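See below for model07.pdb, which holds PDB, C-alpha atoms.
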ATOM      1  CA  ALA A 936     118.097  42.361  60.011
ATOM      2  CA  GLY A 937     116.257  45.293  61.544
ATOM      3  CA  ILE A 938     114.973  45.575  65.099
ATOM      4  CA  THR A 939     111.964  43.504  66.011
ATOM      5  CA  ASN A 940     111.938  43.463  69.805
ATOM      6  CA  THR A 941     111.202  45.897  72.642
ATOM      7  CA  THR A 942     114.642  45.933  74.236
ATOM      8  CA  SER A 943     117.295  46.442  71.555
ATOM      9  CA  LEU A 944     116.518  50.143  71.188
ATOM     10  CA  ASN A 945     114.404  51.741  73.873
ATOM     11  CA  PHE A 946     114.648  55.044  75.718
ATOM     12  CA  THR A 947     112.872  57.315  78.207
ATOM     13  CA  THR A 948     112.214  60.995  77.624
ATOM     14  CA  ALA A 949     113.448  63.550  80.124
ATOM     15  CA  ASP A 950     111.102  64.853  82.806
ATOM     16  CA  PRO A 951     111.332  68.657  82.590
ATOM     17  CA  GLY A 952     110.340  68.991  86.233
ATOM     18  CA  ALA A 953     107.463  70.948  87.710
ATOM     19  CA  PRO A 954     105.793  73.534  85.468
ATOM     20  CA  LEU A 955     106.981  77.101  85.937
ATOM     21  CA  LEU A 956     104.901  80.254  85.606
ATOM     22  CA  VAL A 957     106.539  82.315  82.854
ATOM     23  CA  SER A 958     104.205  85.317  82.838
ATOM     24  CA  SER A 959     100.773  86.480  83.903
ATOM     25  CA  THR A 960      98.112  89.022  83.036
ATOM     26  CA  PRO A 961      97.884  91.174  85.060
ATOM     27  CA  ALA A 962     101.610  91.180  85.674
ATOM     28  CA  ASP A 963     102.913  91.407  89.228
ATOM     29  CA  ASP A 964     102.700  94.983  90.598
ATOM     30  CA  ALA A 965     100.679  96.146  87.585
ATOM     31  CA  THR A 966      98.495  99.228  88.047
ATOM     32  CA  GLY A 967      95.566 100.683  86.139
ATOM     33  CA  ILE A 968      94.147  97.227  85.373
ATOM     34  CA  ALA A 969      90.676  97.219  83.830
ATOM     35  CA  THR A 970      88.088  95.837  86.225
ATOM     36  CA  ASP A 971      86.825  93.330  83.648
ATOM     37  CA  THR A 972      90.263  91.801  83.070
ATOM     38  CA  ASN A 973      90.559  88.020  82.965
ATOM     39  CA  LEU A 974      93.501  86.370  84.714
ATOM     40  CA  VAL A 975      95.940  84.679  82.327
ATOM     41  CA  PHE A 976      98.787  82.384  83.406
ATOM     42  CA  THR A 977     101.443  81.298  80.898
ATOM     43  CA  PHE A 978     103.569  78.271  81.802
ATOM     44  CA  ASP A 979     106.808  76.891  80.346
ATOM     45  CA  GLU A 980     105.085  73.650  79.364
ATOM     46  CA  THR A 981     101.640  72.210  78.809
ATOM     47  CA  VAL A 982      99.564  71.998  81.982
ATOM     48  CA  TYR A 983      96.268  70.433  82.962
ATOM     49  CA  THR A 984      93.706  71.460  85.556
ATOM     50  CA  THR A 985      93.433  69.235  88.618
ATOM     51  CA  THR A 986      92.195  69.906  92.148
ATOM     52  CA  GLY A 987      92.739  73.309  93.713
ATOM     53  CA  GLU A 988      91.689  76.939  93.470
ATOM     54  CA  VAL A 989      92.711  80.278  92.048
ATOM     55  CA  THR A 990      91.870  82.737  94.829
ATOM     56  CA  ILE A 991      91.547  86.510  94.501
ATOM     57  CA  HIS A 992      92.138  88.529  97.669
ATOM     58  CA  ARG A 993      91.898  92.202  98.542
ATOM     59  CA  SER A 994      95.375  93.493  99.338
ATOM     60  CA  ASP A 995      94.284  95.771 102.173
ATOM     61  CA  ASP A 996      92.855  93.108 104.470
ATOM     62  CA  GLY A 997      93.277  89.760 102.703
ATOM     63  CA  THR A 998      89.540  89.297 102.203
ATOM     64  CA  VAL A 999      88.773  86.508  99.741
ATOM     65  CA  VAL A1000      86.831  88.103  96.900
ATOM     66  CA  GLU A1001      86.446  84.940  94.867
ATOM     67  CA  ALA A1002      87.802  81.379  95.021
ATOM     68  CA  ILE A1003      87.604  79.677  91.629
ATOM     69  CA  PRO A1004      88.142  75.891  91.518
ATOM     70  CA  SER A1005      90.679  75.082  88.805
ATOM     71  CA  HIS A1006      88.403  72.465  87.238
ATOM     72  CA  PHE A1007      85.422  74.841  86.876
ATOM     73  CA  SER A1008      84.291  76.156  83.486
ATOM     74  CA  GLN A1009      85.618  79.589  84.514
ATOM     75  CA  VAL A1010      89.111  78.138  83.981
ATOM     76  CA  THR A1011      90.033  77.391  80.368
ATOM     77  CA  GLY A1012      93.162  76.263  78.528
ATOM     78  CA  SER A1013      93.742  72.864  80.116
ATOM     79  CA  GLY A1014      96.134  70.942  77.854
ATOM     80  CA  THR A1015      97.923  74.099  76.681
ATOM     81  CA  THR A1016     100.591  76.404  78.100
ATOM     82  CA  THR A1017      98.090  79.229  78.737
ATOM     83  CA  ILE A1018      95.431  79.089  81.442
ATOM     84  CA  THR A1019      92.715  81.751  81.482
ATOM     85  CA  VAL A1020      90.621  82.381  84.600
ATOM     86  CA  ILE A1021      87.361  84.287  84.159
ATOM     87  CA  PRO A1022      86.152  85.935  87.383
ATOM     88  CA  GLU A1023      82.434  86.379  87.928
ATOM     89  CA  ALA A1024      81.201  89.634  86.451
ATOM     90  CA  GLU A1025      80.212  91.581  89.578
ATOM     91  CA  LEU A1026      82.761  94.217  88.661
ATOM     92  CA  LEU A1027      83.388  97.953  88.572
ATOM     93  CA  GLY A1028      81.757  99.271  91.756
ATOM     94  CA  THR A1029      83.659 100.371  94.809
ATOM     95  CA  ALA A1030      82.393 101.322  98.234
ATOM     96  CA  ALA A1031      83.461 100.987 101.851
ATOM     97  CA  GLY A1032      83.604  97.302 102.670
ATOM     98  CA  ASP A1033      82.879  96.282  99.098
ATOM     99  CA  THR A1034      84.331  92.810  98.528
ATOM    100  CA  ARG A1035      82.955  92.164  95.070
ATOM    101  CA  LEU A1036      85.327  91.553  92.206
ATOM    102  CA  LEU A1037      86.821  93.793  91.067
ATOM    103  CA  ALA A1038      86.251  97.138  92.706
ATOM    104  CA  ALA A1039      87.778 100.114  90.913
ATOM    105  CA  GLY A1040      91.009 101.603  92.244
ATOM    106  CA  THR A1041      91.603  98.652  94.572
ATOM    107  CA  GLY A1042      94.594  96.405  95.219
ATOM    108  CA  TYR A1043      94.308  92.633  94.810
ATOM    109  CA  TYR A1044      96.601  89.622  95.006
ATOM    110  CA  ILE A1045      96.289  86.145  93.539
ATOM    111  CA  ASN A1046      96.949  82.826  95.231
ATOM    112  CA  VAL A1047      96.981  79.457  93.461
ATOM    113  CA  THR A1048      96.716  76.181  95.341
ATOM    114  CA  PRO A1049      99.839  74.013  94.870
ATOM    115  CA  GLY A1050      98.849  71.256  92.470
ATOM    116  CA  ALA A1051      95.915  73.156  90.931
ATOM    117  CA  PHE A1052      97.743  72.592  87.639
ATOM    118  CA  GLN A1053     100.118  69.805  86.642
ATOM    119  CA  ASP A1054     102.108  68.796  83.603
ATOM    120  CA  THR A1055     101.861  65.684  81.431
ATOM    121  CA  ALA A1056     104.233  63.791  83.749
ATOM    122  CA  GLY A1057     102.061  64.577  86.768
ATOM    123  CA  ASN A1058     104.395  67.195  88.229
ATOM    124  CA  ASN A1059     102.458  69.794  90.223
ATOM    125  CA  TYR A1060     102.755  73.534  89.769
ATOM    126  CA  SER A1061     104.069  74.851  93.097
ATOM    127  CA  GLY A1062     101.389  77.521  93.314
ATOM    128  CA  ILE A1063     101.362  80.989  94.884
ATOM    129  CA  SER A1064     100.703  81.329  98.609
ATOM    130  CA  ASP A1065     101.766  84.861  99.539
ATOM    131  CA  PRO A1066     100.351  88.377  98.986
ATOM    132  CA  THR A1067     103.267  89.802  96.991
ATOM    133  CA  SER A1068     104.213  87.370  94.221
ATOM    134  CA  LEU A1069     101.247  88.350  92.055
ATOM    135  CA  ASN A1070      99.441  91.530  93.033
ATOM    136  CA  PHE A1071      97.921  94.375  91.050
ATOM    137  CA  THR A1072      95.738  97.473  91.337
ATOM    138  CA  THR A1073      92.625  98.119  89.275
ATOM    139  CA  ALA A1074      92.029 101.379  87.465
ATOM    140  CA  ASP A1075      89.879 104.057  89.052
ATOM    141  CA  PRO A1076      87.652 105.545  86.327
ATOM    142  CA  GLY A1077      87.031 108.679  88.378
ATOM    143  CA  ALA A1078      83.753 110.090  89.670
ATOM    144  CA  PRO A1079      80.545 108.613  88.249
ATOM    145  CA  GLN A1080      78.883 110.674  85.531
ATOM    146  CA  LEU A1081      75.125 111.148  85.140
ATOM    147  CA  LEU A1082      74.174 110.042  81.621
ATOM    148  CA  SER A1083      70.428 110.596  81.700
ATOM    149  CA  SER A1084      67.460 111.103  83.987
ATOM    150  CA  THR A1085      63.718 110.635  84.135
ATOM    151  CA  PRO A1086      62.197 113.179  83.994
ATOM    152  CA  ALA A1087      64.709 114.636  81.555
ATOM    153  CA  ASP A1088      65.944 118.189  81.990
ATOM    154  CA  ASP A1089      63.300 120.745  80.880
ATOM    155  CA  ALA A1090      60.667 118.001  80.454
ATOM    156  CA  THR A1091      57.021 119.115  80.492
ATOM    157  CA  GLY A1092      53.776 117.287  81.094
ATOM    158  CA  VAL A1093      55.403 114.945  83.620
ATOM    159  CA  PRO A1094      52.812 112.907  85.604
ATOM    160  CA  VAL A1095      52.719 113.872  89.266
ATOM    161  CA  ASP A1096      53.338 110.279  90.380
ATOM    162  CA  THR A1097      56.531 109.876  88.346
ATOM    163  CA  ASN A1098      59.527 108.319  90.089
ATOM    164  CA  LEU A1099      62.915 109.934  89.600
ATOM    165  CA  SER A1100      65.421 107.784  87.733
ATOM    166  CA  PHE A1101      69.142 108.522  87.338
ATOM    167  CA  THR A1102      71.379 106.554  84.965
ATOM    168  CA  PHE A1103      75.159 106.666  85.544
ATOM    169  CA  ASP A1104      78.173 105.518  83.536
ATOM    170  CA  GLU A1105      79.184 102.989  86.218
ATOM    171  CA  PRO A1106      77.580 101.231  89.203
ATOM    172  CA  VAL A1107      76.971 103.519  92.161
ATOM    173  CA  TYR A1108      76.214 103.043  95.858
ATOM    174  CA  PRO A1109      74.351 105.187  98.394
ATOM    175  CA  ALA A1110      76.447 107.324 100.689
ATOM    176  CA  THR A1111      75.729 110.406 102.787
ATOM    177  CA  GLY A1112      73.428 112.981 101.264
ATOM    178  CA  ASP A1113      69.925 113.722 100.056
ATOM    179  CA  ILE A1114      67.969 113.866  96.827
ATOM    180  CA  THR A1115      66.039 117.098  97.261
ATOM    181  CA  ILE A1116      62.988 118.147  95.281
ATOM    182  CA  HIS A1117      62.336 121.913  95.123
ATOM    183  CA  ARG A1118      59.594 124.046  93.659
ATOM    184  CA  SER A1119      61.014 126.014  90.749
ATOM    185  CA  ASP A1120      59.057 129.194  91.496
ATOM    186  CA  ASP A1121      60.396 129.893  94.977
ATOM    187  CA  GLY A1122      62.899 127.124  95.780
ATOM    188  CA  THR A1123      60.713 125.621  98.492
ATOM    189  CA  VAL A1124      61.875 122.155  99.508
ATOM    190  CA  VAL A1125      59.069 119.722  98.683
ATOM    191  CA  GLU A1126      60.900 116.640  99.900
ATOM    192  CA  ALA A1127      64.451 115.700 100.985
ATOM    193  CA  ILE A1128      65.101 111.979 100.563
ATOM    194  CA  PRO A1129      68.232 110.484 102.161
ATOM    195  CA  ALA A1130      70.276 108.467  99.668
ATOM    196  CA  THR A1131      70.240 105.567 102.120
ATOM    197  CA  SER A1132      66.448 105.605 102.436
ATOM    198  CA  SER A1133      64.321 102.667 101.303
ATOM    199  CA  GLN A1134      62.790 105.130  98.833
ATOM    200  CA  VAL A1135      66.070 104.945  96.907
ATOM    201  CA  THR A1136      66.736 101.684  95.051
ATOM    202  CA  GLY A1137      69.327 100.425  92.569
ATOM    203  CA  SER A1138      72.419 100.330  94.784
ATOM    204  CA  GLY A1139      75.230  98.517  92.978
ATOM    205  CA  THR A1140      73.757  99.177  89.533
ATOM    206  CA  THR A1141      74.002 101.992  87.016
ATOM    207  CA  THR A1142      70.370 103.068  87.520
ATOM    208  CA  VAL A1143      69.092 104.632  90.742
ATOM    209  CA  THR A1144      65.360 105.099  91.245
ATOM    210  CA  VAL A1145      63.892 107.518  93.777
ATOM    211  CA  ASP A1146      60.269 107.125  94.853
ATOM    212  CA  PRO A1147      58.965 110.406  96.306
ATOM    213  CA  VAL A1148      56.193 110.159  98.870
ATOM    214  CA  GLY A1149      54.714 113.587  98.124
TER     215      GLY A1149
END
Would you put the structure from the file into structure tokens?
Amino acid sequence: AGITNTTSLNFTTADPGAPLLVSSTPADDATGIATDTNLVFTFDETVYTTTGEVTIHRSDDGTVVEAIPSHFSQVTGSGTTTITVIPEAELLGTAAGDTRLLAAGTGYYINVTPGAFQDTAGNNYSGISDPTSLNFTTADPGAPQLLSSTPADDATGVPVDTNLSFTFDEPVYPATGDITIHRSDDGTVVEAIPATSSQVTGSGTTTVTVDPVG
């Protein structure tokens, strides 16, 4: 006779409970992480973005480097088991007090607002609210290297009003010291320009320009 009604054979699927974080990239306590690494969270079931934030903190003082709302375009993978968070690209550089993401050779930890992600049944991910559950240290590429300069070494016919330009392999910041211009014939100092002077521009980039006044 078959079944032709809504009650003779009906059932309800099991609720698996709140989504669980299975793994992450970077992993907890990871070191040597590239400064352009995206954050990847893998859950045990499909999750969806809701209201909340993924927050990146400095480990040394808890400073918030970036707070990324889970519904922003920087967060992808809603409706899958893998969520990818793309931090803004002010990366690489490190200096005293630098809070930009992600400074080289620096410790960070990740917090996630409870409920920033939820499963199909509406169960909220419990989130991360402490500095130790998911923390990592970025790689330090070592001292910056000078790639090229203007004028180039041994250049001739350089106009007398030429600015000095230095191109490095990573962003650099002014610290203590001078850029000193000497005469080649007797070593006389023509001008000593402090690195922190307004004559020196390009802080936080790979190209530093020095504008001599002489």
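Residues of protein, DNA or RNA having at least one counted atom within 12 Å of (69.5, 107.2, 105.7), given all atoms listed in the file, are Pro1109, Ala1110, Thr1111, Gly1112, Asp1113, Ile1114, Ala1127, Ile1128, Pro1129, Ala1130, Thr1131, Ser1132, Ser1133, Gln1134 and Val1135 of chain A.
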Could you write out the selected residues, including C-alpha atoms, as a PDB file, in the coordinates of the input?
ATOM      1  CA  PRO A1109      74.351 105.187  98.394  1.00  0.00           C
ATOM      2  CA  ALA A1110      76.447 107.324 100.689  1.00  0.00           C
ATOM      3  CA  THR A1111      75.729 110.406 102.787  1.00  0.00           C
ATOM      4  CA  GLY A1112      73.428 112.981 101.264  1.00  0.00           C
ATOM      5  CA  ASP A1113      69.925 113.722 100.056  1.00  0.00           C
ATOM      6  CA  ILE A1114      67.969 113.866  96.827  1.00  0.00           C
ATOM      7  CA  ALA A1127      64.451 115.700 100.985  1.00  0.00           C
ATOM      8  CA  ILE A1128      65.101 111.979 100.563  1.00  0.00           C
ATOM      9  CA  PRO A1129      68.232 110.484 102.161  1.00  0.00           C
ATOM     10  CA  ALA A1130      70.276 108.467  99.668  1.00  0.00           C
ATOM     11  CA  THR A1131      70.240 105.567 102.120  1.00  0.00           C
ATOM     12  CA  SER A1132      66.448 105.605 102.436  1.00  0.00           C
ATOM     13  CA  SER A1133      64.321 102.667 101.303  1.00  0.00           C
ATOM     14  CA  GLN A1134      62.790 105.130  98.833  1.00  0.00           C
ATOM     15  CA  VAL A1135      66.070 104.945  96.907  1.00  0.00           C
TER      16      VAL A1135
END
So which residues get picked by the PyMOL selection byres ((chain A and resi 996) around 12) here, written as a list in words? His992, Arg993, Ser994, Asp995, Gly997, Thr998, Val999, Val1000, Gly1032, Asp1033, Thr1034, Thr1041, Gly1042, Tyr1043, Tyr1044 and Pro1066 of chain A
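Across A:Thr948, A:Val1093, A:Asn1059, A:Val957, the tightest approach to Thr986 in chain A is made by A:Asn1059 when counting all atoms listed in the file.
The shell of residues at most 9 Å from Thr1142 in chain A, with only C-alpha atoms counted and near chain neighbours (fewer than 6 positions) removed, consists of Ser1100, Phe1101, Thr1102, Phe1103, Glu1105, Pro1106, Val1107 and Thr1136 of chain A.
The gap separating CA of Asp1065 in chain A from CA of Thr981 in chain A is 24.3 Å, in Å to one decimal.
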